[in-house]
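J.: Have a look at the structure that comes next, please.
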Amino acid sequence: MLQKSVTEPQRAKDSLSKAAVIPDKHLTSLQTKQLESFRSIVMVIMLANLLNAAVILLTFRESMMGNLLWLWGGCVAAFSFYALAQNAIQSRLRRHVPRDSEKELQSLARGATLNGFLWAVAPLVVMSAADTQGQMVMGIVMAGMMFAGAFLLSHIPDAALSFTIPVGVGLILSMQFQQDAAYQFISVLLIVYMAILVFAVRWSYRQFVDQHLGEAAVNEQSELIGLLLRDFEESTSDWLWQTNSDGMLEDIPLVIDASSDSAGFMKKGASLQSLFVADESRKVLETAMKREHGFRDIVLEVRSADSEQSWVSLTGKPIFEGNQFRGFRGVAADITQSKQIEDRMAHMAHYDGLTGLPNRITMQEHLEKIVRKPPAPHTVRALLWMDLDNFKWVNDTLGHPVGDELLRQVAGRINEMVEKTDMVARLGGDEFALIVERPAGGAMEDFFHRLTEHMRTPYNIWGSTAHCSASFGVRMFDAYTTDTRQILKHADLALYDAKRTGKAQWCLFTSQLEATAQQRMQTENELERAIDQDELRVYFQPLVDARTHKMIGAETLLRWQHPTRGLVFPDEFINLAEDNGLITRMGEWVIRAALAEATRLPEHVKVAVNLSPLQIHSATLISTIVNALATNNIAPNRFELEITESVLMTDTEFTLKRLHQIRDLGVRIALDDFGTGYSSLSYLRSFPFDKIKIDKSFVKDIESRQDSRAITEATLNLAKSLGMRCTAEGVETLYQADFLRDHGCDELQGFFVSRAQPLDNLAHIIDVRPRDERPVPQLGHLTHETQDAGDKVLSFSDRKSGTAG
């Protein structure tokens, strides 16, 4: 282009056309185009040359210069025929041998100069000897040759000016030689015309160059687009499409080859809308096309003759030429694989992978809808909460594969009993839920009885018989209760009552059951009284060296010595304590009581206490630990706090800060129930624990499951590589103890060693000094020293059936 901002190497013409700046990369193509332009009109130029020479010869054949003119005419004819012959030869040679375009243009300019001088001679010879009429003919012919030459050769400015200027100069000189003043004025006018011609040639050349560079830029852009499209075609499953105004597919410029399998369904001439299955997505497409609106990422199922499903994502926009709608153009992407993955993930999110039934989320969504929809006339609805009665025994005795098969058969039995309009879901574990609708008048109760009896039938699982009945909690729907949480709670209360009163039966929720739940308040009151009346007890479960089986520590576990119910385990009251805030006082009491009892043990025996997510936030936790250690003269390294991942999951930054404060006292920190949560490994990076405890769920399956053995072994190796000690919980057999010892476990804990007992009952394992006169600290006498305002409290992890002996 004619711009001063061209950045690549440039070359200027050395002639009168030097003002046109041309990039080097386009110079050769421009010169080639100049030569092609000349060759296309060389015949016209030479014929005009001969025709005008013939006119002059015929007009002045009788003049005194006739002989000289015939000589001139011969020269013009010789030059014309030579030029035609030379052009034919070069055209033929160019087909086989590349030619130097620049040299050819220079040769062309020299030929134009020679031809221009030949024509410049004519007026000098004729004008002085011709009459007025002859002079007029000569002037017209010369002017025509000058203007025609400038026009025809304007694409080659050197040649155009090399011809035009000699012709014009010759005509001007011949006018000057005339005596008449009019000729003098005409010669001046010719000079003006020549200047205009020079300007016109230069302007025309610039237009020619601009046009050529513009075409070159378009070609380069087209090549680039072509390369990009070819690369796009090779690296993606997308393809382009275009329709006419009637929605019929047609070809488009630069279209990607649609011969691939994914694009094969798009055929020229087919209606775009007809290619897809009629559904809501196609309605969206039809509406957009009808309104001539653009659309984006519409997911459509392709209509197929076979049973194989395929999906595309369609994006398009309307094409307008002025105000005239011409159709749509867009991109289609094959998303079959991603759609299948998405559908599979959606199915996994809403359906149970083992039984294929809807899961808890789907059931709750369905329940939310159905409570707002009245039942059909003369019908009743009910929610059944089902729990298998002996599933744990089957799972533990016959193994988890048998347990999984049992759950599948249970789902099959339920489906046999329900109707198509009923909803059946697996909530998790051995719990199922049913939402059923039956005619009023006893049909619902009859269904309950039949279902309960059907679930009593023994199961035949791979040749083994499993007796596993089911209990049901029933909550009838009514017009007044639309809170699904309350409905679920009522069904759960009914299920609990069915379990409590004998299992293998169904129990209908009543207001009496809700009243029974109110008794929880009474239990809370009794628990608060238990704290004040010193009914809490600390039990200890020994930890032994895995190699010597000598006791090296003990985990402190809490019990409630109820005056009427006897010994109550934490499972029955810890949740209540956490809900009403009593857990803070209980936690402080356990720390003081455990360390007071630790004074009766040998110096090498450590004492561990569990912390809950609430207790770590207690404002008095640090001061309680410091006071208890000082009061009982216990070395800090003999005291160990066990935390679970749940402690670290709340306000992690504060929790880690608090743990570092505790560790700075010299107290040891252990990560309990390792491997049962989602982020065990990340927490090992967050805090330098002294010990990790392998959860009993892995230990109990060491004998039967390879994955449990692998996880246990990996955990032991991890602890060793991190420089941490490792304790295995729930050890119950000699095989487990030997396996753990052989793979580097440091400490064992579980029924294999001892159940949790009062310290006096462990005298057969370790030397226990007699109790001194100092009483175990009472809750009412504890000091509450404030440390960090706004902290919360914590509880115990003695909710583990394997250690709550």
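Each chain in the structure tokens gets a letter, A, B and so on, in the order shown; residues start at 1 in every chain, and ligands are counted from 1 in the order they appear.
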Mind running range 451-476 of chain A against range 488-496 of chain A at 9 Å and telling me each contacting residue's nearest atom pair with the distance in Å (one decimal), counting only C-alpha atoms, chain and number ascending, as CSV?

T.:
residue,atom,partner,partner_atom,distance
A:Ser471,CA,A:Leu495,CA,6.6
A:Phe472,CA,A:Leu495,CA,5.3
A:Gly473,CA,A:Leu495,CA,3.6
A:Val474,CA,A:Ala491,CA,5.4
A:Arg475,CA,A:Ala491,CA,5.1
A:Met476,CA,A:Ala491,CA,8.8

J.: Could you find all residues in range 228-351 of chain A that DSSP calls strand (DSSP E or B) from the backbone, and write them as an MDAnalysis selection string?

T.: chainID A and resid 238:243 248:250 271 276 295:302 311:321 324:334 351

J.: For range 548-563 of chain A, work out the shell of residues within 6 Å, counting only C-alpha atoms and skipping chain neighbours fewer than 2 positions away, then give it as a PyMOL selection string.

T.: chain A and resi 535-546+565-569+605-609+798

J.: Write out the residues from the selection above, keeping N, CA, C and O atoms, as a tab-separated table (two decimals), in the first residue's frame.

T.:
chain	number	residue	atom	x	y	z
A	535	GLU	N	-21.07	-37.33	89.33
A	535	GLU	CA	-21.45	-38.66	88.82
A	535	GLU	C	-20.60	-39.06	87.61
A	535	GLU	O	-20.78	-40.17	87.09
A	536	LEU	N	-19.71	-38.19	87.17
A	536	LEU	CA	-18.86	-38.54	86.03
A	536	LEU	C	-17.65	-39.34	86.50
A	536	LEU	O	-17.13	-39.15	87.60
A	537	ARG	N	-17.20	-40.24	85.63
A	537	ARG	CA	-16.05	-41.09	85.95
A	537	ARG	C	-15.09	-41.09	84.75
A	537	ARG	O	-15.51	-40.95	83.60
A	538	VAL	N	-13.79	-41.23	85.07
A	538	VAL	CA	-12.81	-41.39	83.99
A	538	VAL	C	-12.35	-42.84	83.97
A	538	VAL	O	-12.00	-43.42	85.01
A	539	TYR	N	-12.42	-43.44	82.79
A	539	TYR	CA	-11.93	-44.78	82.55
A	539	TYR	C	-10.68	-44.66	81.68
A	539	TYR	O	-10.49	-43.67	80.97
A	540	PHE	N	-9.84	-45.70	81.71
A	540	PHE	CA	-8.59	-45.67	80.96
A	540	PHE	C	-8.46	-46.95	80.13
A	540	PHE	O	-8.66	-48.05	80.65
A	541	GLN	N	-8.16	-46.78	78.85
A	541	GLN	CA	-7.88	-47.94	77.97
A	541	GLN	C	-6.38	-47.94	77.68
A	541	GLN	O	-5.84	-46.98	77.13
A	542	PRO	N	-5.69	-49.02	78.06
A	542	PRO	CA	-4.23	-49.06	77.94
A	542	PRO	C	-3.75	-49.00	76.50
A	542	PRO	O	-4.41	-49.50	75.58
A	543	LEU	N	-2.58	-48.39	76.32
A	543	LEU	CA	-1.82	-48.45	75.08
A	543	LEU	C	-0.53	-49.19	75.39
A	543	LEU	O	0.16	-48.85	76.36
A	544	VAL	N	-0.22	-50.23	74.60
A	544	VAL	CA	0.96	-51.03	74.90
A	544	VAL	C	1.95	-50.94	73.75
A	544	VAL	O	1.58	-50.67	72.61
A	545	ASP	N	3.20	-51.15	74.06
A	545	ASP	CA	4.24	-51.21	73.05
A	545	ASP	C	3.98	-52.41	72.15
A	545	ASP	O	3.72	-53.52	72.64
A	546	ALA	N	4.01	-52.20	70.83
A	546	ALA	CA	3.63	-53.26	69.90
A	546	ALA	C	4.58	-54.44	69.96
A	546	ALA	O	4.19	-55.57	69.64
A	565	ARG	N	-29.87	-45.52	86.07
A	565	ARG	CA	-29.61	-46.22	84.81
A	565	ARG	C	-28.27	-46.93	84.83
A	565	ARG	O	-27.96	-47.69	83.92
A	566	GLY	N	-27.49	-46.73	85.86
A	566	GLY	CA	-26.19	-47.36	85.92
A	566	GLY	C	-25.16	-46.63	85.09
A	566	GLY	O	-25.22	-45.42	84.91
A	567	LEU	N	-24.19	-47.40	84.54
A	567	LEU	CA	-23.10	-46.79	83.78
A	567	LEU	C	-23.59	-46.41	82.39
A	567	LEU	O	-24.03	-47.25	81.62
A	568	VAL	N	-23.49	-45.13	82.09
A	568	VAL	CA	-23.96	-44.60	80.80
A	568	VAL	C	-22.74	-44.23	79.96
A	568	VAL	O	-21.84	-43.52	80.41
A	569	PHE	N	-22.74	-44.70	78.72
A	569	PHE	CA	-21.62	-44.44	77.82
A	569	PHE	C	-21.78	-43.08	77.14
A	569	PHE	O	-22.90	-42.55	77.03
A	605	VAL	N	4.58	-43.71	81.78
A	605	VAL	CA	3.24	-43.93	81.21
A	605	VAL	C	2.60	-42.58	80.90
A	605	VAL	O	2.47	-41.73	81.78
A	606	LYS	N	2.20	-42.43	79.65
A	606	LYS	CA	1.56	-41.18	79.21
A	606	LYS	C	0.05	-41.31	79.35
A	606	LYS	O	-0.50	-42.41	79.34
A	607	VAL	N	-0.62	-40.17	79.43
A	607	VAL	CA	-2.08	-40.12	79.53
A	607	VAL	C	-2.60	-39.24	78.40
A	607	VAL	O	-2.10	-38.12	78.18
A	608	ALA	N	-3.60	-39.75	77.66
A	608	ALA	CA	-4.16	-39.03	76.52
A	608	ALA	C	-5.61	-38.66	76.80
A	608	ALA	O	-6.35	-39.43	77.42
A	609	VAL	N	-6.01	-37.49	76.34
A	609	VAL	CA	-7.38	-36.99	76.46
A	609	VAL	C	-7.83	-36.51	75.09
A	609	VAL	O	-7.06	-35.88	74.36
A	798	ASP	N	-14.78	-40.56	72.53
A	798	ASP	CA	-15.08	-41.91	73.04
A	798	ASP	C	-16.48	-42.32	72.61
A	798	ASP	O	-17.28	-42.79	73.40

J.: Determine the nearest neighbour of Glu301 in chain A from the options A:Ser708, A:Ser174, A:Thr362, A:Gln273, counting only C-alpha atoms.

T.: A:Gln273

J.: Quick one: which range 695-735 of chain A residues come within 12 Å of range 657-670 of chain A, and what is the nearest atom pair for each with the distance in Å to one decimal, counting only C-alpha atoms, rows ordered by chain and ascending number, as a Markdown table?

T.:
| residue | atom | partner | partner_atom | distance |
| --- | --- | --- | --- | --- |
| A:Ala719 | CA | A:Ala670 | CA | 11.6 |
| A:Met724 | CA | A:Ala670 | CA | 9.3 |
| A:Arg725 | CA | A:Ala670 | CA | 9.0 |
| A:Cys726 | CA | A:Ala670 | CA | 9.1 |
| A:Thr727 | CA | A:Ala670 | CA | 9.4 |

J.: Save the residues we just selected, all heavy atoms, as a short mmCIF file (atom, residue, chain, number, x, y, z; two decimals), in the first residue's frame?

T.:
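Output contents, as saved in selection-v5.cif:
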data_model
loop_
_atom_site.label_atom_id
_atom_site.label_comp_id
_atom_site.auth_asym_id
_atom_site.auth_seq_id
_atom_site.Cartn_x
_atom_site.Cartn_y
_atom_site.Cartn_z
N ALA A 719 3.87 -42.54 58.56
CA ALA A 719 4.23 -42.06 59.89
C ALA A 719 5.74 -42.17 60.11
O ALA A 719 6.37 -41.26 60.65
CB ALA A 719 3.47 -42.85 60.95
N MET A 724 6.91 -39.65 62.93
CA MET A 724 5.83 -39.67 63.91
C MET A 724 5.63 -41.09 64.43
O MET A 724 5.84 -42.07 63.70
CB MET A 724 4.51 -39.19 63.27
CG MET A 724 4.55 -37.78 62.72
SD MET A 724 2.97 -37.36 61.93
CE MET A 724 3.35 -35.74 61.27
N ARG A 725 5.20 -41.17 65.66
CA ARG A 725 4.81 -42.48 66.20
C ARG A 725 3.42 -42.82 65.68
O ARG A 725 2.66 -41.95 65.25
CB ARG A 725 4.81 -42.46 67.73
CG ARG A 725 6.21 -42.31 68.32
CD ARG A 725 6.18 -42.37 69.84
NE ARG A 725 5.76 -43.67 70.34
CZ ARG A 725 6.54 -44.75 70.44
NH1 ARG A 725 7.82 -44.67 70.05
NH2 ARG A 725 6.09 -45.89 70.91
N CYS A 726 3.08 -44.10 65.73
CA CYS A 726 1.81 -44.54 65.16
C CYS A 726 1.15 -45.53 66.12
O CYS A 726 1.79 -46.48 66.60
CB CYS A 726 2.02 -45.20 63.79
SG CYS A 726 0.48 -45.48 62.90
N THR A 727 -0.13 -45.29 66.42
CA THR A 727 -0.93 -46.16 67.29
C THR A 727 -2.07 -46.74 66.47
O THR A 727 -2.72 -46.03 65.71
CB THR A 727 -1.49 -45.36 68.47
OG1 THR A 727 -0.42 -44.83 69.24
CG2 THR A 727 -2.36 -46.26 69.36
#

J.: Any idea what's packed within 12 Å of Ala628 in chain A, counting only C-alpha atoms, ignoring anything in its chain fewer than 6 positions away? Could you give it as JSON, numbers by chain?

T.: {"A": [588, 589, 590, 591, 592, 593, 594, 595, 596, 597, 598, 599, 620, 621, 622, 634, 635, 636, 639, 776, 777, 782, 783]}

J.: How many Å separate CA of Ala470 in chain A from CA of Asp389 in chain A?

T.: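 So the answer is 5.3 Å.
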
J.: Taking 6 positions as the minimum chain separation for residues in the same chain, which residues sit within 10 Å of Ala504 in chain A when counting only C-alpha atoms? Answer as JSON, numbers by chain.

T.: {"A": [387, 388, 389, 390, 452, 453, 455, 456, 468, 469, 470, 471, 472, 498]}

J.: Those same residues, written as an mmCIF file, in the first residue's frame with N, CA, C and O atoms?

T.:
data_model
loop_
_atom_site.group_PDB
_atom_site.id
_atom_site.type_symbol
_atom_site.label_atom_id
_atom_site.label_comp_id
_atom_site.auth_asym_id
_atom_site.auth_seq_id
_atom_site.Cartn_x
_atom_site.Cartn_y
_atom_site.Cartn_z
ATOM 1 N N ASP A 387 -35.188 -49.422 57.928
ATOM 2 C CA ASP A 387 -33.835 -49.756 58.345
ATOM 3 C C ASP A 387 -33.747 -51.264 58.541
ATOM 4 O O ASP A 387 -34.627 -51.872 59.172
ATOM 5 N N LEU A 388 -32.699 -51.885 57.971
ATOM 6 C CA LEU A 388 -32.532 -53.330 58.138
ATOM 7 C C LEU A 388 -32.110 -53.632 59.573
ATOM 8 O O LEU A 388 -31.281 -52.928 60.146
ATOM 9 N N ASP A 389 -32.670 -54.712 60.104
ATOM 10 C CA ASP A 389 -32.471 -54.999 61.528
ATOM 11 C C ASP A 389 -31.131 -55.648 61.841
ATOM 12 O O ASP A 389 -30.535 -55.352 62.877
ATOM 13 N N ASN A 390 -30.659 -56.525 60.993
ATOM 14 C CA ASN A 390 -29.446 -57.280 61.310
ATOM 15 C C ASN A 390 -28.350 -57.078 60.273
ATOM 16 O O ASN A 390 -27.507 -57.955 60.072
ATOM 17 N N THR A 452 -43.807 -55.525 55.325
ATOM 18 C CA THR A 452 -43.049 -55.995 56.489
ATOM 19 C C THR A 452 -42.864 -57.500 56.437
ATOM 20 O O THR A 452 -41.763 -58.027 56.699
ATOM 21 N N GLU A 453 -43.920 -58.223 56.087
ATOM 22 C CA GLU A 453 -43.820 -59.680 56.002
ATOM 23 C C GLU A 453 -42.894 -60.108 54.874
ATOM 24 O O GLU A 453 -42.137 -61.076 55.009
ATOM 25 N N MET A 455 -40.342 -58.556 53.767
ATOM 26 C CA MET A 455 -38.949 -58.303 54.129
ATOM 27 C C MET A 455 -38.437 -59.295 55.165
ATOM 28 O O MET A 455 -37.221 -59.376 55.397
ATOM 29 N N ARG A 456 -39.343 -60.042 55.805
ATOM 30 C CA ARG A 456 -38.922 -61.056 56.781
ATOM 31 C C ARG A 456 -38.304 -62.284 56.104
ATOM 32 O O ARG A 456 -37.534 -63.021 56.712
ATOM 33 N N CYS A 468 -32.517 -61.143 57.584
ATOM 34 C CA CYS A 468 -32.356 -59.691 57.770
ATOM 35 C C CYS A 468 -33.708 -59.015 57.545
ATOM 36 O O CYS A 468 -34.036 -58.619 56.424
ATOM 37 N N SER A 469 -34.479 -58.939 58.598
ATOM 38 C CA SER A 469 -35.780 -58.280 58.508
ATOM 39 C C SER A 469 -35.587 -56.773 58.459
ATOM 40 O O SER A 469 -34.462 -56.275 58.482
ATOM 41 N N ALA A 470 -36.699 -56.055 58.414
ATOM 42 C CA ALA A 470 -36.636 -54.598 58.328
ATOM 43 C C ALA A 470 -37.671 -53.979 59.249
ATOM 44 O O ALA A 470 -38.751 -54.529 59.464
ATOM 45 N N SER A 471 -37.310 -52.838 59.782
ATOM 46 C CA SER A 471 -38.231 -52.049 60.601
ATOM 47 C C SER A 471 -38.580 -50.780 59.842
ATOM 48 O O SER A 471 -37.750 -50.224 59.110
ATOM 49 N N PHE A 472 -39.826 -50.329 60.043
ATOM 50 C CA PHE A 472 -40.321 -49.163 59.304
ATOM 51 C C PHE A 472 -40.865 -48.117 60.268
ATOM 52 O O PHE A 472 -41.597 -48.446 61.213
ATOM 53 N N ALA A 498 -39.985 -48.306 66.370
ATOM 54 C CA ALA A 498 -40.143 -49.668 65.842
ATOM 55 C C ALA A 498 -38.949 -50.527 66.212
ATOM 56 O O ALA A 498 -39.096 -51.716 66.547
#

J.: With distances taken over only C-alpha atoms, which residue among A:Ile361, A:Ile45, A:Leu27, A:Ala728 lies nearest Leu84 in chain A?

T.: A:Ile45

J.: Counting only C-alpha atoms, which residue out of A:Ser154, A:Ala270, A:Val731, A:Trp462 sits closest to Phe208 in chain A?

T.: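 Of the candidates, the smallest distance to Phe208 in chain A is held by A:Ser154.
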
J.: Counting only C-alpha atoms, what is within 12 Å of range 52-60 of chain A, bar same-chain residues fewer than 4 positions away, as an NGL selection string?

T.: :A and (45-48 or 64-80 or 115 or 118-119 or 121-123 or 125-127 or 129-131 or 133-146 or 148)
